[in-house]
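Have a look at the structure below before the remarks.
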Amino acid sequence: HKRWEDNYSKLNLFNMVDYDVLFYIDADIVALQNPESIFDSKIVRHSRSPFLGAPDWGKWQQPQSAKLNGGVLLLRPSAKLFSCMLMAMYSTPIDNWTSLEAEQGFLRYFFGDGFTQLPFFFNAQKTTQTSVPELWDEKRLVLLHFVGVKPHRMWSNQFFLLGYRNASLRQRLRKADQIDDERQDYEASVRPWKRFFFDLAQLPKALSLFVTYSDNAGYEDVRQHIADEVDPRIFSML
């Protein structure tokens, strides 16, 4: 699938033989805790597998599914293994794996589902918060994966988007799985990313939001609404 063809470049990780072990993390993932703890997990310490992936649980897959998600990969580079992978890719009909899933489909075809063994918390998709709420525990999450709409692509809230987008645009976005920013729970799911963005950009030092109110009741209403959406360090009450 043309949209995902660049994802096959991830396979070059298997040829980075200057390293004994690599832990790859997609760019649309935020580290909520130190991801180096993956090397202390029993699965990694006791395994000599050339590759381990994390499950694709969330909107599309439920627990017990062994289908992997390519956002996080732990691997042991090997020139011989890389050569075998390329040989398999170029000699096997693409219909043998799900080409729409690009490198995920190929890795699943080449290694099988038995290599999907990394803990869910090292690749927690934001959609899990509503699709599989019993798994969602932000205190335990290590890596939060922003599948679907990326938080840097849209800053408007759902109410604006619901009124702004026409039916044609909404249909195109839905087909590309880029419509979840209209969901009621979207803002809560991207709040960790915005919090990190504000800190890295040092916006609290450079920006102030001035909000007016007429009485104590108005102040309390503003405070409750803004405190949940904006870093409290960047607004001032007048």
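Letters A, B, ... go to the chains of the structure tokens in the order shown; residues in each chain start at 1; ligands are counted from 1 in the same order.
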
Find the residues of segment 110-144 of chain A that sit at most 10 Å from segment 70-80 of chain A; for each, write down the nearest two atoms and how far apart they are in Å, to one decimal. Count only C-alpha atoms. Sort by chain, then by number going up, and give it as JSON lines.
```
{"residue": "A:Thr116", "atom": "CA", "partner": "A:Leu73", "partner_atom": "CA", "distance": 9.7}
{"residue": "A:Leu118", "atom": "CA", "partner": "A:Leu74", "partner_atom": "CA", "distance": 8.4}
{"residue": "A:Phe122", "atom": "CA", "partner": "A:Val72", "partner_atom": "CA", "distance": 7.5}
{"residue": "A:Asn123", "atom": "CA", "partner": "A:Val72", "partner_atom": "CA", "distance": 6.3}
{"residue": "A:Ala124", "atom": "CA", "partner": "A:Gly71", "partner_atom": "CA", "distance": 9.8}
{"residue": "A:Gln125", "atom": "CA", "partner": "A:Gly71", "partner_atom": "CA", "distance": 9.5}
{"residue": "A:Leu143", "atom": "CA", "partner": "A:Val72", "partner_atom": "CA", "distance": 8.9}
```

Generate the output file for the selected residues, all heavy atoms, as an mmCIF file, in the first residue's frame.
```cif
data_model
loop_
_atom_site.group_PDB
_atom_site.id
_atom_site.type_symbol
_atom_site.label_atom_id
_atom_site.label_comp_id
_atom_site.auth_asym_id
_atom_site.auth_seq_id
_atom_site.Cartn_x
_atom_site.Cartn_y
_atom_site.Cartn_z
ATOM 1 N N THR A 116 5.474 -12.139 19.195
ATOM 2 C CA THR A 116 4.782 -10.982 19.781
ATOM 3 C C THR A 116 4.724 -11.185 21.287
ATOM 4 O O THR A 116 3.743 -11.692 21.828
ATOM 5 C CB THR A 116 3.370 -10.838 19.190
ATOM 6 O OG1 THR A 116 3.469 -10.798 17.764
ATOM 7 C CG2 THR A 116 2.692 -9.566 19.676
ATOM 8 N N LEU A 118 6.506 -8.759 23.725
ATOM 9 C CA LEU A 118 6.805 -7.597 24.562
ATOM 10 C C LEU A 118 5.554 -7.171 25.323
ATOM 11 O O LEU A 118 4.438 -7.257 24.805
ATOM 12 C CB LEU A 118 7.314 -6.434 23.710
ATOM 13 C CG LEU A 118 8.656 -6.632 23.010
ATOM 14 C CD1 LEU A 118 9.035 -5.375 22.238
ATOM 15 C CD2 LEU A 118 9.752 -6.990 24.012
ATOM 16 N N PHE A 122 4.659 -1.334 26.880
ATOM 17 C CA PHE A 122 5.743 -0.747 26.098
ATOM 18 C C PHE A 122 5.283 -0.344 24.694
ATOM 19 O O PHE A 122 6.103 0.087 23.879
ATOM 20 C CB PHE A 122 6.919 -1.722 26.004
ATOM 21 C CG PHE A 122 7.727 -1.784 27.269
ATOM 22 C CD1 PHE A 122 7.409 -2.700 28.258
ATOM 23 C CD2 PHE A 122 8.779 -0.918 27.485
ATOM 24 C CE1 PHE A 122 8.135 -2.760 29.439
ATOM 25 C CE2 PHE A 122 9.516 -0.961 28.654
ATOM 26 C CZ PHE A 122 9.190 -1.879 29.639
ATOM 27 N N ASN A 123 4.001 -0.460 24.441
ATOM 28 C CA ASN A 123 3.439 0.039 23.177
ATOM 29 C C ASN A 123 1.938 0.197 23.352
ATOM 30 O O ASN A 123 1.147 -0.410 22.641
ATOM 31 C CB ASN A 123 3.752 -0.903 22.018
ATOM 32 C CG ASN A 123 3.394 -0.288 20.673
ATOM 33 O OD1 ASN A 123 3.200 0.914 20.554
ATOM 34 N ND2 ASN A 123 3.282 -1.134 19.651
ATOM 35 N N ALA A 124 1.540 1.014 24.312
ATOM 36 C CA ALA A 124 0.117 1.208 24.615
ATOM 37 C C ALA A 124 -0.474 2.209 23.628
ATOM 38 O O ALA A 124 -0.100 3.376 23.615
ATOM 39 C CB ALA A 124 -0.052 1.706 26.045
ATOM 40 N N GLN A 125 -1.371 1.744 22.795
ATOM 41 C CA GLN A 125 -2.009 2.634 21.832
ATOM 42 C C GLN A 125 -3.051 3.498 22.528
ATOM 43 O O GLN A 125 -3.757 3.039 23.414
ATOM 44 C CB GLN A 125 -2.650 1.815 20.726
ATOM 45 C CG GLN A 125 -1.660 0.969 19.946
ATOM 46 C CD GLN A 125 -2.324 0.168 18.853
ATOM 47 O OE1 GLN A 125 -3.351 0.565 18.312
ATOM 48 N NE2 GLN A 125 -1.751 -0.977 18.517
ATOM 49 N N LEU A 143 5.417 3.440 27.249
ATOM 50 C CA LEU A 143 5.405 4.118 25.954
ATOM 51 C C LEU A 143 3.963 4.243 25.463
ATOM 52 O O LEU A 143 3.254 3.250 25.358
ATOM 53 C CB LEU A 143 6.236 3.326 24.934
ATOM 54 C CG LEU A 143 7.734 3.181 25.250
ATOM 55 C CD1 LEU A 143 8.405 2.229 24.276
ATOM 56 C CD2 LEU A 143 8.421 4.543 25.221
#
```

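When the distance limit is 10 Å and only C-alpha atoms are what count, the residues near Gly105 of chain A, minus those fewer than 5 positions from it on the same chain, are Lys67, Leu68, Asn69, Gly70, Ile94, Asn96, Trp97, Thr98, Ser99, Leu100, Phe110 and Gly112 of chain A.
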
Selection file, C-alpha atoms, as a short mmCIF file (atom, residue, chain, number, x, y, z; two decimals), in the first residue's frame:
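Below is the file part-v9.cif, written as the result:
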```
data_model
loop_
_atom_site.label_atom_id
_atom_site.label_comp_id
_atom_site.auth_asym_id
_atom_site.auth_seq_id
_atom_site.Cartn_x
_atom_site.Cartn_y
_atom_site.Cartn_z
CA LYS A 67 -0.94 -9.70 15.84
CA LEU A 68 1.98 -7.31 16.30
CA ASN A 69 2.24 -3.54 15.95
CA GLY A 70 5.42 -2.19 14.36
CA ILE A 94 3.06 -10.05 -1.63
CA ASN A 96 1.25 -14.04 1.26
CA TRP A 97 1.16 -11.27 3.85
CA THR A 98 -1.14 -8.32 4.41
CA SER A 99 0.52 -5.63 2.30
CA LEU A 100 -1.78 -2.97 3.76
CA PHE A 110 8.40 -14.00 8.36
CA GLY A 112 5.09 -15.73 13.02
#
```

Secondary structure check, alpha helix (DSSP H) residues of segment 16-108 of chain A, as a VMD selection string: chain A and resid 42 to 45 79 to 91 102 to 108

Who sits within 10 Å of Lys59 of chain A, only C-alpha atoms, same chain under 2 positions skipped, as a PyMOL selection string: chain A and resi 56-57+61-62+125-132+147-148

Can you spit out the residues from that selection as an mmCIF file, in the first residue's frame, using N, CA, C and O atoms?
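That gives us out27.cif:
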```cif
data_model
loop_
_atom_site.group_PDB
_atom_site.id
_atom_site.type_symbol
_atom_site.label_atom_id
_atom_site.label_comp_id
_atom_site.auth_asym_id
_atom_site.auth_seq_id
_atom_site.Cartn_x
_atom_site.Cartn_y
_atom_site.Cartn_z
ATOM 1 N N ASP A 56 -0.821 -5.555 18.979
ATOM 2 C CA ASP A 56 -1.528 -4.462 18.312
ATOM 3 C C ASP A 56 -2.878 -4.192 18.974
ATOM 4 O O ASP A 56 -3.859 -3.887 18.303
ATOM 5 N N TRP A 57 -2.920 -4.301 20.302
ATOM 6 C CA TRP A 57 -4.187 -4.147 21.006
ATOM 7 C C TRP A 57 -4.646 -2.701 20.990
ATOM 8 O O TRP A 57 -3.856 -1.771 21.160
ATOM 9 N N GLN A 61 -7.542 -4.531 17.430
ATOM 10 C CA GLN A 61 -7.281 -5.861 17.977
ATOM 11 C C GLN A 61 -7.530 -5.866 19.479
ATOM 12 O O GLN A 61 -7.234 -4.882 20.163
ATOM 13 N N GLN A 62 -8.020 -6.984 19.982
ATOM 14 C CA GLN A 62 -8.311 -7.122 21.395
ATOM 15 C C GLN A 62 -7.291 -8.062 22.045
ATOM 16 O O GLN A 62 -6.583 -8.809 21.352
ATOM 17 N N GLN A 125 -1.371 1.744 22.795
ATOM 18 C CA GLN A 125 -2.009 2.634 21.832
ATOM 19 C C GLN A 125 -3.051 3.498 22.528
ATOM 20 O O GLN A 125 -3.757 3.039 23.414
ATOM 21 N N LYS A 126 -3.159 4.739 22.094
ATOM 22 C CA LYS A 126 -4.079 5.665 22.758
ATOM 23 C C LYS A 126 -5.526 5.191 22.664
ATOM 24 O O LYS A 126 -6.349 5.498 23.518
ATOM 25 N N THR A 127 -5.846 4.405 21.641
ATOM 26 C CA THR A 127 -7.209 3.914 21.482
ATOM 27 C C THR A 127 -7.584 2.872 22.530
ATOM 28 O O THR A 127 -8.764 2.586 22.726
ATOM 29 N N THR A 128 -6.581 2.324 23.214
ATOM 30 C CA THR A 128 -6.857 1.328 24.248
ATOM 31 C C THR A 128 -7.662 1.924 25.400
ATOM 32 O O THR A 128 -8.418 1.225 26.076
ATOM 33 N N GLN A 129 -7.509 3.219 25.608
ATOM 34 C CA GLN A 129 -8.179 3.886 26.716
ATOM 35 C C GLN A 129 -9.696 3.685 26.663
ATOM 36 O O GLN A 129 -10.350 3.570 27.702
ATOM 37 N N THR A 130 -10.234 3.615 25.448
ATOM 38 C CA THR A 130 -11.683 3.409 25.307
ATOM 39 C C THR A 130 -12.027 2.026 24.773
ATOM 40 O O THR A 130 -13.068 1.477 25.111
ATOM 41 N N SER A 131 -11.133 1.446 23.950
ATOM 42 C CA SER A 131 -11.435 0.136 23.355
ATOM 43 C C SER A 131 -11.251 -1.006 24.343
ATOM 44 O O SER A 131 -12.014 -1.974 24.332
ATOM 45 N N VAL A 132 -10.216 -0.911 25.171
ATOM 46 C CA VAL A 132 -9.952 -1.948 26.170
ATOM 47 C C VAL A 132 -9.643 -1.244 27.491
ATOM 48 O O VAL A 132 -8.511 -1.289 27.991
ATOM 49 N N VAL A 147 -1.525 6.297 17.704
ATOM 50 C CA VAL A 147 -2.037 5.801 16.429
ATOM 51 C C VAL A 147 -3.205 6.681 16.001
ATOM 52 O O VAL A 147 -3.797 7.395 16.811
ATOM 53 N N GLY A 148 -3.570 6.617 14.715
ATOM 54 C CA GLY A 148 -4.653 7.462 14.236
ATOM 55 C C GLY A 148 -4.179 8.886 14.045
ATOM 56 O O GLY A 148 -3.067 9.142 13.570
#
```

Nearest-residue call for Leu32 of chain A, choices A:Ser65, A:Glu182, A:Val142, A:Asp177, using only C-alpha atoms: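 When distances to Leu32 of chain A are compared using only C-alpha atoms, the smallest one comes from A:Val142.
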
Nearby residues (only C-alpha atoms) at most 8 Å from Phe146 of chain A, same-chain spacing under 2 positions excluded, as a JSON list (two decimals) with all heavy atoms, in the first residue's frame:
```json
[["chain", "number", "residue", "atom", "x", "y", "z"],
["A", 28, "ASP", "N", 5.89, 8.71, 16.71],
["A", 28, "ASP", "CA", 4.62, 9.17, 17.27],
["A", 28, "ASP", "C", 4.34, 8.52, 18.63],
["A", 28, "ASP", "O", 3.18, 8.34, 19.01],
["A", 28, "ASP", "CB", 3.46, 8.91, 16.30],
["A", 28, "ASP", "CG", 3.28, 7.43, 15.97],
["A", 28, "ASP", "OD1", 4.19, 6.63, 16.29],
["A", 28, "ASP", "OD2", 2.23, 7.08, 15.38],
["A", 29, "ILE", "N", 5.41, 8.20, 19.34],
["A", 29, "ILE", "CA", 5.30, 7.57, 20.66],
["A", 29, "ILE", "C", 5.95, 8.49, 21.70],
["A", 29, "ILE", "O", 7.01, 9.07, 21.45],
["A", 29, "ILE", "CB", 5.99, 6.19, 20.67],
["A", 29, "ILE", "CG1", 5.18, 5.20, 19.82],
["A", 29, "ILE", "CG2", 6.14, 5.66, 22.10],
["A", 29, "ILE", "CD1", 5.80, 3.83, 19.72],
["A", 125, "GLN", "N", -1.37, 1.74, 22.80],
["A", 125, "GLN", "CA", -2.01, 2.63, 21.83],
["A", 125, "GLN", "C", -3.05, 3.50, 22.53],
["A", 125, "GLN", "O", -3.76, 3.04, 23.41],
["A", 125, "GLN", "CB", -2.65, 1.81, 20.73],
["A", 125, "GLN", "CG", -1.66, 0.97, 19.95],
["A", 125, "GLN", "CD", -2.32, 0.17, 18.85],
["A", 125, "GLN", "OE1", -3.35, 0.56, 18.31],
["A", 125, "GLN", "NE2", -1.75, -0.98, 18.52],
["A", 126, "LYS", "N", -3.16, 4.74, 22.09],
["A", 126, "LYS", "CA", -4.08, 5.67, 22.76],
["A", 126, "LYS", "C", -5.53, 5.19, 22.66],
["A", 126, "LYS", "O", -6.35, 5.50, 23.52],
["A", 126, "LYS", "CB", -3.93, 7.07, 22.19],
["A", 126, "LYS", "CG", -4.58, 7.34, 20.85],
["A", 126, "LYS", "CD", -4.47, 8.82, 20.49],
["A", 126, "LYS", "CE", -5.38, 9.21, 19.33],
["A", 126, "LYS", "NZ", -4.89, 8.76, 18.03],
["A", 144, "LEU", "N", 3.56, 5.47, 25.17],
["A", 144, "LEU", "CA", 2.20, 5.74, 24.71],
["A", 144, "LEU", "C", 2.25, 6.04, 23.21],
["A", 144, "LEU", "O", 2.91, 6.98, 22.78],
["A", 144, "LEU", "CB", 1.61, 6.93, 25.47],
["A", 144, "LEU", "CG", 0.20, 7.37, 25.10],
["A", 144, "LEU", "CD1", -0.79, 6.22, 25.23],
["A", 144, "LEU", "CD2", -0.23, 8.55, 25.95],
["A", 148, "GLY", "N", -3.57, 6.62, 14.72],
["A", 148, "GLY", "CA", -4.65, 7.46, 14.24],
["A", 148, "GLY", "C", -4.18, 8.89, 14.04],
["A", 148, "GLY", "O", -3.07, 9.14, 13.57],
["A", 149, "VAL", "N", -5.00, 9.86, 14.41],
["A", 149, "VAL", "CA", -4.64, 11.27, 14.27],
["A", 149, "VAL", "C", -3.46, 11.60, 15.18],
["A", 149, "VAL", "O", -3.47, 11.27, 16.37],
["A", 149, "VAL", "CB", -5.83, 12.18, 14.61],
["A", 149, "VAL", "CG1", -5.42, 13.65, 14.53],
["A", 149, "VAL", "CG2", -7.00, 11.91, 13.68],
["A", 150, "LYS", "N", -2.42, 12.22, 14.63],
["A", 150, "LYS", "CA", -1.26, 12.59, 15.41],
["A", 150, "LYS", "C", -1.54, 13.91, 16.13],
["A", 150, "LYS", "O", -2.11, 14.84, 15.54],
["A", 150, "LYS", "CB", -0.02, 12.74, 14.53],
["A", 150, "LYS", "CG", 0.22, 11.56, 13.61],
["A", 150, "LYS", "CD", 0.25, 10.23, 14.35],
["A", 150, "LYS", "CE", 0.41, 9.07, 13.38],
["A", 150, "LYS", "NZ", 0.24, 7.76, 14.06],
["A", 151, "PRO", "N", -1.14, 14.03, 17.37],
["A", 151, "PRO", "CA", -1.50, 15.21, 18.16],
["A", 151, "PRO", "C", -0.96, 16.53, 17.61],
["A", 151, "PRO", "O", -1.53, 17.58, 17.84],
["A", 151, "PRO", "CB", -0.92, 14.91, 19.55],
["A", 151, "PRO", "CG", 0.06, 13.81, 19.34],
["A", 151, "PRO", "CD", -0.41, 13.04, 18.16],
["A", 190, "VAL", "N", -4.69, 12.80, 24.15],
["A", 190, "VAL", "CA", -3.50, 13.51, 23.66],
["A", 190, "VAL", "C", -2.94, 14.48, 24.69],
["A", 190, "VAL", "O", -1.92, 15.14, 24.44],
["A", 190, "VAL", "CB", -3.80, 14.28, 22.34],
["A", 190, "VAL", "CG1", -4.24, 13.31, 21.26],
["A", 190, "VAL", "CG2", -4.83, 15.37, 22.56]]
```

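Of the residues under consideration (A:Pro119, A:Leu169, A:Gly58, A:Arg3), A:Pro119 shows the shortest atom-to-atom contact distance to Phe39 of chain A when counting only C-alpha atoms.
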